[in-house]
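*Asks:* Data file structure_6.cif (mmCIF, C-alpha atoms) is appended below.
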```cif
data_upload
loop_
_atom_site.label_atom_id
_atom_site.label_comp_id
_atom_site.auth_asym_id
_atom_site.auth_seq_id
_atom_site.Cartn_x
_atom_site.Cartn_y
_atom_site.Cartn_z
CA MET A 1 167.54 2.83 117.29
CA ASN A 2 167.68 -0.35 119.37
CA PRO A 3 167.47 -0.14 123.21
CA LEU A 4 171.18 -0.79 123.72
CA THR A 5 172.21 1.91 121.26
CA LYS A 6 169.76 4.31 122.87
CA ARG A 7 171.19 3.67 126.35
CA ILE A 8 174.74 4.20 125.12
CA SER A 9 173.74 7.44 123.43
CA VAL A 10 172.16 8.74 126.62
CA VAL A 11 175.31 8.00 128.62
CA VAL A 12 177.56 9.68 126.05
CA LEU A 13 175.37 12.76 125.89
CA ALA A 14 175.17 13.01 129.68
CA ALA A 15 178.93 12.79 130.00
CA ALA A 16 179.42 15.51 127.43
CA MET A 17 176.90 18.04 128.61
CA LEU A 18 179.08 19.70 131.24
CA GLY A 19 182.57 18.89 130.14
CA GLY A 20 184.65 19.36 127.07
CA THR A 21 184.73 22.03 124.43
CA ALA A 22 182.09 22.42 121.76
CA ALA A 23 183.03 23.83 118.39
CA PHE A 24 179.68 25.57 117.88
CA ALA A 25 177.47 28.15 119.53
CA PHE A 26 174.38 27.06 121.40
CA SER A 27 171.14 27.53 119.49
CA ASP A 28 168.80 27.81 122.48
CA ILE A 29 170.32 30.57 124.62
CA SER A 30 169.74 33.67 122.49
CA GLN A 31 167.03 34.89 124.87
CA ASP A 32 168.75 33.69 128.03
CA PRO A 33 170.00 36.41 130.44
CA ALA A 34 173.21 34.40 131.00
CA GLN A 35 173.95 33.93 127.30
CA THR A 36 177.31 35.75 127.35
CA LYS A 37 178.49 33.86 130.43
CA ILE A 38 177.40 30.49 129.06
CA GLU A 39 179.27 31.11 125.82
CA SER A 40 182.35 32.24 127.74
CA LEU A 41 182.36 29.04 129.80
CA ARG A 42 181.90 27.01 126.63
CA LYS A 43 184.89 28.71 125.02
CA ASP A 44 186.95 27.97 128.13
CA GLY A 45 186.06 24.28 127.83
CA VAL A 46 184.13 24.25 131.10
CA LEU A 47 180.79 23.14 129.66
CA SER A 48 179.16 21.97 126.48
CA GLY A 49 175.65 21.14 125.31
CA MET A 50 173.10 18.47 126.09
CA ASP A 51 172.91 17.19 122.54
CA GLY A 52 173.98 18.73 119.26
CA ASP A 53 173.93 22.50 119.68
CA ARG A 54 171.37 22.57 122.52
CA PHE A 55 172.38 23.72 126.01
CA ALA A 56 168.93 23.35 127.63
CA PRO A 57 169.36 26.39 129.92
CA LYS A 58 165.99 26.00 131.67
CA GLU A 59 166.42 22.36 132.63
CA VAL A 60 167.16 21.69 136.31
CA LEU A 61 170.74 20.74 137.15
CA THR A 62 171.34 17.25 138.56
CA TYR A 63 174.02 16.24 141.04
CA ASP A 64 176.20 14.51 138.42
CA GLN A 65 176.06 17.59 136.19
CA GLY A 66 176.60 19.97 139.11
CA ILE A 67 179.62 18.16 140.52
CA ARG A 68 181.21 18.01 137.05
CA LEU A 69 180.54 21.74 136.67
CA LEU A 70 182.22 22.63 139.97
CA VAL A 71 185.19 20.30 139.56
CA LYS A 72 185.92 21.47 136.03
CA GLY A 73 184.98 25.12 136.49
CA LEU A 74 187.07 25.67 139.62
CA ASP A 75 189.93 23.35 138.66
CA LEU A 76 189.53 21.01 141.61
CA SER A 77 191.82 17.98 141.54
CA LEU A 78 193.55 15.26 143.55
CA ALA A 79 197.02 16.75 143.06
CA HIS A 80 197.31 17.74 146.73
CA ILE A 81 196.44 14.27 148.06
CA SER A 82 198.79 11.33 148.61
CA PHE A 83 197.01 7.97 148.45
CA ILE A 84 197.97 4.62 149.88
CA LYS A 85 195.77 2.97 147.24
CA ALA A 86 193.91 4.27 144.21
CA PRO A 87 190.56 5.68 145.35
CA LYS A 88 187.28 4.37 143.96
CA ALA A 89 183.91 6.06 144.00
CA SER A 90 182.42 3.06 145.80
CA ASP A 91 184.80 3.72 148.70
CA TYR A 92 182.76 6.81 149.53
CA TYR A 93 179.34 6.54 147.86
CA THR A 94 176.72 3.81 147.72
CA HIS A 95 175.07 4.97 144.47
CA VAL A 96 178.04 6.13 142.39
CA PRO A 97 179.29 3.29 140.13
CA ASP A 98 183.06 3.09 139.74
CA ASP A 99 182.70 3.11 135.95
CA ALA A 100 180.26 6.05 135.73
CA TRP A 101 181.33 9.03 133.60
CA TYR A 102 181.09 11.23 136.69
CA ALA A 103 182.81 8.83 139.14
CA GLU A 104 186.14 10.68 139.18
CA ASP A 105 184.35 14.00 139.70
CA PHE A 106 182.67 12.63 142.83
CA ILE A 107 186.01 11.34 144.14
CA ILE A 108 187.57 14.76 143.56
CA ALA A 109 184.61 16.40 145.31
CA GLN A 110 185.08 14.09 148.29
CA HIS A 111 188.73 15.13 148.62
CA ASN A 112 188.06 18.83 148.15
CA GLY A 113 185.69 19.49 151.00
CA LEU A 114 182.36 19.29 149.16
CA GLU A 115 181.16 16.68 151.68
CA LEU A 116 178.48 14.93 149.67
CA PRO A 117 176.21 12.46 151.50
CA GLN A 118 177.33 8.85 151.24
CA ASP A 119 173.95 7.92 149.76
CA VAL A 120 173.77 10.84 147.30
CA ASP A 121 171.77 10.05 144.17
CA PRO A 122 173.74 11.42 141.18
CA SER A 123 170.57 11.72 139.07
CA SER A 124 168.62 13.74 141.66
CA GLN A 125 168.02 17.43 141.08
CA LEU A 126 169.88 20.14 142.94
CA THR A 127 168.06 22.99 144.65
CA ARG A 128 169.38 26.52 144.61
CA GLU A 129 170.42 26.34 148.26
CA GLN A 130 172.14 22.97 147.80
CA PHE A 131 174.16 24.25 144.87
CA ALA A 132 175.00 27.43 146.80
CA VAL A 133 176.51 25.37 149.62
CA LEU A 134 178.56 23.25 147.20
CA LEU A 135 179.71 26.30 145.21
CA ASN A 136 180.82 28.15 148.35
CA LYS A 137 182.78 25.11 149.54
CA ALA A 138 184.43 24.79 146.13
CA ILE A 139 185.42 28.47 146.16
CA GLN A 140 186.99 28.07 149.61
CA GLN A 141 189.28 25.40 148.15
CA LYS A 142 190.85 28.09 145.95
CA GLY A 143 192.01 30.31 148.81
CA ASN A 144 191.22 31.87 152.16
CA PHE A 145 189.23 34.90 151.02
CA ALA A 146 188.34 37.78 153.32
CA VAL A 147 184.78 38.94 152.62
CA ILE A 148 182.90 41.79 154.23
CA GLU A 149 180.32 40.41 156.65
CA LEU A 150 177.06 42.11 155.72
CA PHE A 151 173.74 40.47 156.51
CA ASN A 152 171.54 40.56 153.44
CA ILE A 153 167.80 40.74 154.09
CA LEU A 154 165.92 37.96 152.32
CA GLU A 155 162.14 37.92 152.28
CA ASP A 156 162.17 34.13 152.15
CA GLU A 157 164.84 33.66 154.84
CA ASP A 158 162.50 31.38 156.80
CA ALA A 159 162.46 28.92 153.89
CA ILE A 160 166.26 28.57 153.86
CA ASP A 161 167.91 25.63 155.59
CA PRO A 162 169.96 27.15 158.47
CA ALA A 163 172.91 25.02 157.34
CA ALA A 164 172.81 26.78 153.95
CA SER A 165 172.25 30.34 155.18
CA GLY A 166 175.94 31.13 155.74
CA SER A 167 176.94 29.99 152.25
CA ILE A 168 174.17 32.05 150.66
CA GLN A 169 175.16 35.16 152.62
CA THR A 170 178.82 34.67 151.68
CA LEU A 171 178.04 34.28 147.98
CA LEU A 172 175.86 37.39 148.09
CA ASN A 173 178.69 39.36 149.70
CA MET A 174 181.12 38.02 147.10
CA ARG A 175 178.64 39.22 144.46
CA VAL A 176 178.65 35.75 142.99
CA ILE A 177 174.86 35.54 143.24
CA LYS A 178 172.09 38.13 143.29
CA LEU A 179 168.63 38.25 144.79
CA GLU A 180 165.43 38.45 142.78
CA LYS A 181 163.17 41.03 144.42
CA ALA A 182 164.79 40.27 147.80
CA GLN A 183 164.08 36.56 147.42
CA PHE A 184 166.44 33.62 146.96
CA ARG A 185 163.94 30.78 146.26
CA PRO A 186 166.05 28.20 148.15
CA LYS A 187 163.92 25.13 147.46
CA ALA A 188 163.55 25.73 143.73
CA GLY A 189 165.65 23.56 141.44
CA ILE A 190 168.63 25.46 140.06
CA THR A 191 168.57 25.63 136.27
CA ARG A 192 171.58 24.96 134.10
CA SER A 193 171.55 28.63 133.12
CA GLU A 194 171.55 29.82 136.74
CA ALA A 195 174.34 27.40 137.65
CA ALA A 196 176.45 28.63 134.72
CA ASP A 197 175.83 32.24 135.79
CA TRP A 198 176.94 31.55 139.37
CA LEU A 199 179.97 29.59 138.27
CA TYR A 200 181.07 32.35 135.90
CA GLU A 201 180.93 34.90 138.70
CA ALA A 202 182.70 32.51 141.09
CA ARG A 203 185.54 32.06 138.60
CA ALA A 204 185.78 35.83 138.18
CA PHE A 205 185.86 36.33 141.96
CA VAL A 206 188.61 33.75 142.46
CA ALA A 207 190.63 35.13 139.54
CA SER A 208 190.41 38.70 140.85
CA HIS A 209 191.68 37.61 144.27
CA THR A 210 194.42 35.23 143.21
CA GLY A 211 196.04 37.13 140.36
CA GLY A 212 194.43 34.98 137.68
CA ALA A 213 192.60 36.27 134.66
CA PRO A 214 188.95 35.36 134.04
CA SER A 215 187.95 34.46 130.50
CA SER A 216 186.23 37.83 130.15
CA GLU A 217 185.27 40.77 132.34
CA PRO A 218 182.92 39.85 135.19
CA SER A 219 179.53 41.51 135.11
CA THR A 220 179.81 42.69 138.71
CA PRO A 221 181.98 45.69 139.59
CA ALA A 222 185.62 44.94 140.17
CA GLY A 223 187.03 45.41 143.62
CA THR A 224 187.84 43.62 146.82
CA PRO A 225 184.91 42.98 149.16
CA GLY A 226 185.73 44.37 152.58
CA ALA A 227 188.46 46.74 151.38
CA VAL A 228 187.20 50.16 150.26
CA PRO A 229 189.72 52.28 148.28
CA GLY A 230 190.72 55.35 150.28
CA ALA A 231 189.05 54.15 153.45
CA THR A 232 190.42 55.18 156.84
CA PRO A 233 192.09 52.29 158.73
CA VAL A 234 189.74 50.76 161.28
CA PRO A 235 190.94 50.10 164.86
CA GLY A 236 191.59 46.42 165.40
CA VAL A 237 192.12 45.82 161.69
CA THR A 238 195.56 45.53 160.15
CA ALA A 239 196.84 45.56 156.61
CA ALA A 240 198.42 42.31 155.45
CA PRO A 241 202.22 42.25 155.72
CA PRO A 242 204.39 42.62 152.63
CA GLU A 243 205.13 39.44 150.71
CA ASP A 244 208.67 39.25 152.06
CA THR A 245 207.50 39.25 155.68
CA PRO A 246 208.47 35.90 157.28
CA LEU A 247 205.48 33.70 158.03
CA VAL A 248 204.69 32.91 161.63
CA TRP A 249 204.95 29.41 163.01
CA SER A 250 201.63 27.89 163.86
CA GLU A 251 200.13 25.17 166.00
CA ALA A 252 198.16 22.31 164.48
CA ALA A 253 196.00 19.47 165.76
CA VAL A 254 194.94 16.35 163.87
CA SER A 255 191.71 14.39 164.32
CA LEU A 256 190.86 11.13 162.55
CA GLU A 257 187.56 9.68 161.44
CA LYS A 258 186.73 6.66 159.34
CA ALA A 259 186.18 7.51 155.66
CA ALA A 260 185.97 3.97 154.25
CA ASP A 261 187.21 0.49 155.02
CA GLY A 262 190.94 0.79 155.63
CA VAL A 263 190.98 4.58 155.12
CA ASN A 264 190.77 7.42 157.66
CA LYS A 265 190.08 11.08 156.97
CA ALA A 266 192.64 13.28 158.73
CA LEU A 267 191.38 16.76 159.63
CA VAL A 268 194.20 19.21 160.33
CA THR A 269 193.14 22.29 162.35
CA ILE A 270 195.75 25.06 162.28
CA GLN A 271 195.76 28.13 164.51
CA VAL A 272 196.82 31.30 162.66
CA PRO A 273 197.20 34.94 163.81
CA HIS A 274 194.32 36.29 161.71
CA PRO A 275 191.93 35.26 158.89
CA GLY A 276 194.34 36.36 156.15
CA TYR A 277 196.52 33.29 156.50
CA GLY A 278 195.80 30.08 154.61
CA ALA A 279 197.55 26.73 154.41
CA VAL A 280 198.21 23.89 151.97
CA ILE A 281 199.32 20.31 152.49
CA THR A 282 202.72 19.73 150.89
CA GLY A 283 203.00 15.99 151.54
CA ILE A 284 202.74 13.12 153.99
CA GLU A 285 205.70 11.23 155.46
CA PHE A 286 205.03 7.63 156.48
CA THR A 287 207.32 5.77 158.89
CA GLY A 288 207.74 2.09 159.59
CA ASP A 289 206.16 2.20 163.05
CA LYS A 290 202.61 3.16 162.03
CA GLU A 291 203.23 6.88 162.25
CA ALA A 292 202.36 9.49 159.63
CA VAL A 293 203.37 13.16 159.59
CA ILE A 294 201.32 15.58 157.49
CA ARG A 295 203.50 18.42 156.22
CA TYR A 296 201.76 21.75 155.62
CA ARG A 297 202.82 25.24 154.63
CA LEU A 298 201.17 28.53 155.57
CA THR A 299 200.22 30.84 152.71
CA PRO A 300 200.68 34.60 153.23
CA PRO A 301 197.83 37.10 153.51
CA ASP A 302 196.87 39.24 150.53
CA PRO A 303 198.97 42.42 150.93
CA ASP A 304 196.13 44.54 149.53
CA MET A 305 193.58 43.35 152.07
CA MET A 306 192.66 44.43 155.59
CA TYR A 307 192.17 41.73 158.23
CA PRO A 308 190.82 41.82 161.80
CA MET A 309 193.47 40.90 164.34
CA VAL A 310 191.62 37.86 165.59
CA VAL A 311 193.23 34.46 166.09
CA SER A 312 191.63 32.16 163.52
CA LYS A 313 191.69 28.57 162.37
CA VAL A 314 192.40 26.99 159.01
CA GLU A 315 191.23 23.46 158.30
CA LEU A 316 192.80 21.02 155.84
CA GLN A 317 191.96 17.43 155.17
CA THR A 318 193.64 14.43 153.62
CA TYR A 319 193.34 10.65 153.80
CA VAL A 320 195.63 8.02 155.27
CA SER A 321 195.50 4.29 155.73
CA SER A 322 193.90 3.20 158.99
CA GLU A 323 197.08 1.23 159.65
CA TYR A 324 198.68 4.50 160.76
CA THR A 325 197.47 4.97 164.32
CA SER A 326 199.61 8.05 165.07
CA VAL A 327 199.04 10.98 162.71
CA THR A 328 200.53 14.41 163.43
CA ALA A 329 201.01 17.63 161.47
CA GLN A 330 204.17 19.68 161.03
CA GLN A 331 204.64 23.07 159.41
CA VAL A 332 207.30 23.53 156.75
CA LYS A 333 208.64 26.70 155.15
#
```
Here is the file; what I need is its structure written in the form of structure tokens.

*Replies:*
Amino acid sequence: MNPLTKRISVVVLAAAMLGGTAAFAFSDISQDPAQTKIESLRKDGVLSGMDGDRFAPKEVLTYDQGIRLLVKGLDLSLAHISFIKAPKASDYYTHVPDDAWYAEDFIIAQHNGLELPQDVDPSSQLTREQFAVLLNKAIQQKGNFAVIELFNILEDEDAIDPAASGSIQTLLNMRVIKLEKAQFRPKAGITRSEAADWLYEARAFVASHTGGAPSSEPSTPAGTPGAVPGATPVPGVTAAPPEDTPLVWSEAAVSLEKAADGVNKALVTIQVPHPGYGAVITGIEFTGDKEAVIRYRLTPPDPDMMYPMVVSKVELQTYVSSEYTSVTAQQVK
């Protein structure tokens, strides 16, 4: 094989390893504890092998593989964003080529709250705590989920980056991840098998809270974190209103920050009555006098959940041309 052919083969294999559907079972996962979950994700077209029928479950996940896994596994997209011009990876990242097989995944990640560093190296390995943060952010893009706030005791808590601690605690309370003898091993590289395991459970969690159907039964017990069947109502906590209850009108503020040359990121902060409410951007109206109005709609609370009656905030983000100096937000029905 000549050097050029070898380089092309490596690129093709890298692009295929976490995207697309394979027609065969993996030959190297028979002893892997996540075998059933890996095969389920393969059947759903979320991931495929490294080369031939090999999944390489013990290899450490890299950023390009991990971002593809999250984008594909949690159905992240650009459908909710209106662009003035077609986005390019180089608008946001210094080391992501516009023609790379993972370029679109990194653009989608940028517009779905994953907040990758501008100088991220796509070939660098992901640690368990780094992937936990990205996975939690990706899950939050699928809905505003109420999760019981229990503090899980970790023997290696001191080794965890404080910025990652909240995501790890949330994923533990969602039962998306589990501890190993009360340890999380935050600085260890996350293996492809571990990442597939976490993603499977994340998909099951989202499906169970949004009315979807996971590819197969999740391994963790079904149920809604924070809502115990038959429990006595707690003072200060209210059940979500029925679906036909009119939504309240909210207040929203918009802040702008530079995202790239000629493009600003608009952060919309919406005040809602309690944590059960969510919001989605429905569109952006541009006027001829450098004004833009971001239209958003509140999403109703889950009627089967209990929520504390505490005024909360929902944050949304989108991108507008820097030519628009006045950007406001307006709620629609």

*Asks:* Which distance in Å separates atom CA of Val293 of chain A and atom CA of Glu315 of chain A, to one decimal?

*Replies:*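 Separation of atom CA of Val293 of chain A and atom CA of Glu315 of chain A: 16.0 Å.
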
*Asks:* Written as a PyMOL selection string, what is the full residue list that the PyMOL selection byres ((chain A and resi 97) around 12) yields on the file shown?

*Replies:* chain A and resi 64+88-96+98-107+119-122

*Asks:* For Ser77 of chain A, list every protein, DNA or RNA residue within 12 Å, evaluated using all atoms listed in the file, and leave out those in the same chain fewer than 3 positions away; present the list as a list in words.

*Replies:*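 The contact residues come out as Arg68, Leu70, Val71, Lys72, Gly73, Leu74, His80, Ile81, Ser82, Glu104, Asp105, Phe106, Ile107, Ile108, Ala109, Gln110, His111, Asn112, Gly113, Ala138, Gln141 and Lys142 of chain A.
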
*Asks:* Report as a tab-separated table the residues of segment 43-72 of chain A within 9 Å of segment 193-204 of chain A, each with its shortest atom pair and distance in Å (one decimal), using all atoms listed in the file, ordered by chain and increasing residue number.

*Replies:*
```
residue	atom	partner	partner_atom	distance
A:Leu47	CA	A:Ala196	CA	8.6
A:Phe55	CA	A:Ser193	CA	8.7
A:Ala56	CA	A:Ser193	CA	8.1
A:Pro57	CA	A:Ser193	CA	4.5
A:Lys58	CA	A:Ser193	CA	6.3
A:Glu59	CA	A:Ser193	CA	8.1
A:Val60	CA	A:Ser193	CA	8.8
A:Leu61	CA	A:Ala195	CA	7.6
A:Gly66	CA	A:Ala195	CA	7.9
A:Leu69	CA	A:Leu199	CA	8.0
A:Leu70	CA	A:Leu199	CA	7.5
```

*Asks:* Which residue out of A:Leu41, A:Val176, A:Ala25, A:Ile190 has the minimum interatomic distance to Arg54 of chain A when only C-alpha atoms are used?

*Replies:*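 When distances to Arg54 of chain A are compared using only C-alpha atoms, the smallest one comes from A:Ala25.
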
*Asks:* I'd like the residues picked by the PyMOL selection byres ((chain A and resi 83) around 9) written out as a PDB file with C-alpha atoms, keeping the file's coordinate frame, using the chain letters and numbers from the file.

*Replies:*
```pdb
ATOM      1  CA  ILE A  81     196.440  14.270 148.060  1.00  0.00           C
ATOM      2  CA  SER A  82     198.790  11.330 148.610  1.00  0.00           C
ATOM      3  CA  ILE A  84     197.970   4.620 149.880  1.00  0.00           C
ATOM      4  CA  LYS A  85     195.770   2.970 147.240  1.00  0.00           C
ATOM      5  CA  ALA A  86     193.910   4.270 144.210  1.00  0.00           C
ATOM      6  CA  PRO A  87     190.560   5.680 145.350  1.00  0.00           C
ATOM      7  CA  THR A 318     193.640  14.430 153.620  1.00  0.00           C
ATOM      8  CA  TYR A 319     193.340  10.650 153.800  1.00  0.00           C
ATOM      9  CA  VAL A 320     195.630   8.020 155.270  1.00  0.00           C
ATOM     10  CA  SER A 321     195.500   4.290 155.730  1.00  0.00           C
TER      11      SER A 321
END
```

*Asks:* Compare A:Ile38, A:Val206, A:Ala164, A:Met305 by their minimum atom-to-atom distance to Arg128 of chain A, counting all atoms listed in the file, and give me the closest one.

*Replies:*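 Looking only at the distances to Arg128 of chain A, the closest residue turns out to be A:Ala164.
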
*Asks:* Distance atom CA of Asp28 of chain A-atom CA of Arg185 of chain A, one decimal place?

*Replies:*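 Result for atom CA of Asp28 of chain A versus atom CA of Arg185 of chain A: 24.5 Å, one decimal.
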
*Asks:* So which residues touch Glu180 of chain A within 12 Å, counting only C-alpha atoms, skipping near sequence neighbours fewer than 2 positions away, as a short mmCIF file (atom, residue, chain, number, x, y, z; two decimals) with C-alpha atoms, keeping the file's coordinate frame?

*Replies:*
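As written to disk, selection_1.cif reads:
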```
data_model
loop_
_atom_site.label_atom_id
_atom_site.label_comp_id
_atom_site.auth_asym_id
_atom_site.auth_seq_id
_atom_site.Cartn_x
_atom_site.Cartn_y
_atom_site.Cartn_z
CA ILE A 153 167.80 40.74 154.09
CA LEU A 154 165.92 37.96 152.32
CA GLU A 155 162.14 37.92 152.28
CA ASP A 156 162.17 34.13 152.15
CA LEU A 172 175.86 37.39 148.09
CA ILE A 177 174.86 35.54 143.24
CA LYS A 178 172.09 38.13 143.29
CA ALA A 182 164.79 40.27 147.80
CA GLN A 183 164.08 36.56 147.42
CA PHE A 184 166.44 33.62 146.96
CA ARG A 185 163.94 30.78 146.26
CA PRO A 186 166.05 28.20 148.15
#
```

*Asks:* For Ile139 of chain A, which residue among A:Ala260, A:Leu171, A:Val46, A:Ile284 is the nearest when counting all atoms listed in the file?

*Replies:*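 So, comparing all the options, the nearest one is A:Leu171.
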
*Asks:* I'd like to see the residues matched by the PyMOL selection byres ((chain A and resi 149) around 9) on this file, and ideally I'd get them as a PyMOL selection string.

*Replies:* chain A and resi 147-148+150-151+169-170+173+226

*Asks:* Which is closest to Asp44 of chain A among A:Asp75, A:Ile168, A:Gln271, A:Phe145, if we use only C-alpha atoms?

*Replies:*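 Smallest distance to Asp44 of chain A is found for A:Asp75.
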
*Asks:* Nearest residue to Trp249 of chain A out of A:Ile29, A:Leu316, A:Ile270, A:Leu76, using all atoms listed in the file?

*Replies:*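 Checking each of A:Ile29, A:Leu316, A:Ile270, A:Leu76 against Trp249 of chain A, counting all atoms listed in the file, the winner is A:Ile270.
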
*Asks:* Hey, can you check how far atom CA of Tyr307 of chain A sits from atom CA of Thr328 of chain A?

*Replies:*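 For atom CA of Tyr307 of chain A relative to atom CA of Thr328 of chain A, the distance reads 29.0 Å.
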